[in-house]
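Visitor: The structure that follows is given in the form of structure tokens.
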Amino acid sequence: MPADFVSNLFVFILAAFLGFELIKRVSPLLHTPLMSLTNALDAIVLVAAIIIAGRHETKLSTVLGLIAVAASFSNMVGGFLITDRMLHMFRAAKAKK
Amino acid sequence: MTALATQQLIDLSYIAAVIGFILALKWLSSPVTALRGVLIGEIACGVAVLATLFDPQVTHYKWIIIGLIIGAAIGIPLGLVKMTAVPQRTALSHAFGALSAALIGIGEYYVGTAHLTKFEMLEIGLEVIIGSLTFTGSLIAAGKLQEILPQHPITYKGQNVVSLSTLGAAVVIMLILMAHPEYTHLFQAMIVVALLFGVMLVTPIGGADMPTVISLLNSYAGFSAALLGFVLNSKVLVVAGALDGASGFILSVIMCKAMNRSFTNVLFGAFGQVQVSAGKVAEGRTVRSASPEEAAGILAAANKVVIVPGYGMAVAQAQHKVRELFDGLTKRGVDVKFGIHPVAGRMPGHMNVLLAEADIPYDKMLDMDEINGDFPQTDVALVIGANDVTNPAARTDHSSPIFGMPILEVDKARTVMVIKRSMGAGFAGIENPLYYLDKTLMLFGDAKNFVGAIVRELAGGHE
């Protein structure tokens with residue numbers, strides 16, 4: 001097994017367990033915003049897409065990069081936007097009136 | 001600045017981003033801090049993206065900028081959809097996420113074809129297979145939720161064998177590629193087969209199983225991003241993908257438990273197989289129905305009311321009328337709460353979002369475990385557009401296809417009222433004995449109109 005793989009696996013395992021612990025604590029009330037928020041965070045693949053689209057290797061890789069930039073950025077923008085809108089709607093009884 | 005210093009700054013920005021991701025999820029645990037979580041998530045992504053633009057590998061900005069503009073043009077409208085369209089929007093975003101991960105993996109393959117090691121080919125192959133199947137699977141799910149595609153499960157004999165062989169074929173092609181990464185035609189074939197498998201995975205699934213499927217696709221999309229992190233040796237992708245994957249995985253497990261399905265049953269796409277057994281048909285049993293006037297009278301006289309919303313409420317767009325009912329009853333001193341089943345609606349938390357949109361305070365929304373103990377002390381349980389999740393046969397009838405599924409125990413309330421269009425059975429075609437209980441009153445009609453009529457009675461009626 002390559003050394004890079006081992007260190008990545010290390011990080012993956014830690015992050016996955018941390019994820020389980022964090023997400024277990026999210027109230028079922030917020031499961032829809034949870035899904036849209038994690039989706040927006042996952043759109044960080046945009047950083048990889050930017051490199052593919054910007055390093056201009058072959059025509060094919062640039063086209064793939066362009067589509068990947070568009071798809072991941074739309075997730076980032078749309079995901080944060082809708083999560084924000086949803087969370088603004090959640091109000092406690094006391095805050096009302 | 002030297003290239004090395006720049007690279008280190010970029011790496012630092014990624015570490016900062018990872019801290020932001022973790023805090024975002026941590027703060028999402030409560031509605032009080034959740035908005036702060038979104039903000040820190042936005043900052044984290046912003047910092048990482050800005051830093052990446054300074055990466056020395058990036059020499060051309062034209063296509064990046066065009067991509068960002070197209071992304072914003074698609075993303076902003078998708079962020080502004082109506083709350084009722086959130087499930088299909090979510091499915092579509094899983095598709096986009098998986099698409100970008102798959103395309104980057106494909107790009108990496110073509111860039112490095114000549115010198116890929118076996119191990120690198122394995123990583124790329126797995127990443128592209130999962131990304132591709134999640135892309136088409138999510139598109140099919142979005143199509144079903146948007147009702148462009150038929151909502152009912154499409155099944156045929158030997159389906160599981162055909163589907164699993166398709167997945168097997170993709171894996172076999174990947175194994176061949178490990179020995180011969182230069183066979184680009186095989187790589188293309190692998191993508192096509194994986195795309196096909198995604199379609200086969202979701203077509204047999206019916207609308208009521210969507211909460212599980214959406215969660216599962218969520219976790220696939222996350223894990224494909226994490227795998228891409230392995231391919232590119234990018235820790236920030238590994239972490240973000242692992243967090244997203246873990247989230248989808250936990251939600252899938254919660255949904256499975258709430259539907260009394262085993263996880264393997266779901267993983268292998270054997271959804272929607274319950275619908276065959278029709279359950280016992282009640283013969284000669286009668287139901288009692290009531291008018292809005294009667295319903296309003298009973299509700300007004302109650303001390304404690306629990307409203308149980310289901311997908312029917314979403315379809316009828318009745319949530320705003322339900323809020324009026326909530327206000328009307330609260331004004332009269334009635335204690336009104338909402339009991340929400342984990343699989344009510346089309347995605348996890350769907351009902352909560354619709355009720356929150358209608359301005360119902362979130363501390364009145366309780367999940368199944370919190371509310372079930374309250375039903376024996378509840379005067380009226382009002383079921384709006386929910387069916388199977390209230391079926392007491394799940395508790396008592398061993399022959400019932402939903403036996404063992406955890407339900408909202410509305411039958412323990414003193415009076416049960418069910419708003420329903422007709423006596424038709426639920427998604428699984430299962431008869432609901434709840435409707436034939438002496439304490440049950442059926443309120444036949446459209447959820448929105450019927451609740452509206454009750455609200456009018458409450459407003460105009462004098463005691």
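A note on labels: chains of the structure tokens are A, B, ... as shown, every chain counts residues from 1, and ligands are counted from 1 in their shown order.
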Please return, as a ChimeraX atom specification, all residues of chain A lying within 6 Å of chain B when only C-alpha atoms are considered.

Guide: /A:12,15-16,19-20,22,25-27,29,31-32,38,42,47,51,53-55,61,64,66,68-75,77-78,81-82,89-93

Visitor: For CA of Phe135 in chain B and CA of Leu196 in chain B, determine how far apart the two atoms are, in Å to one decimal place.

Guide: 10.2 Å

Visitor: Would you list the contacts of Pro153 in chain B as a list of chain:residue names, taking every protein, DNA or RNA residue within 8 Å and counting only C-alpha atoms, but skipping same-chain residues closer than 3 positions in sequence?

Guide: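 Non-adjacent residues within range: B:Pro150, B:Thr203, B:Pro204, B:Ile205, B:Gly206, B:Gly207, B:Gly272.
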
Visitor: Could you write out, as an MDAnalysis selection string, all the residues of range 9-107 of chain B that DSSP marks as alpha helix (DSSP H)?

Guide: chainID B and resid 9:27 34:53 62:79 86:107

Visitor: What's the separation between CA of Tyr436 in chain B and CA of Val287 in chain B, in Å to one decimal place?

Guide: 5.2 Å
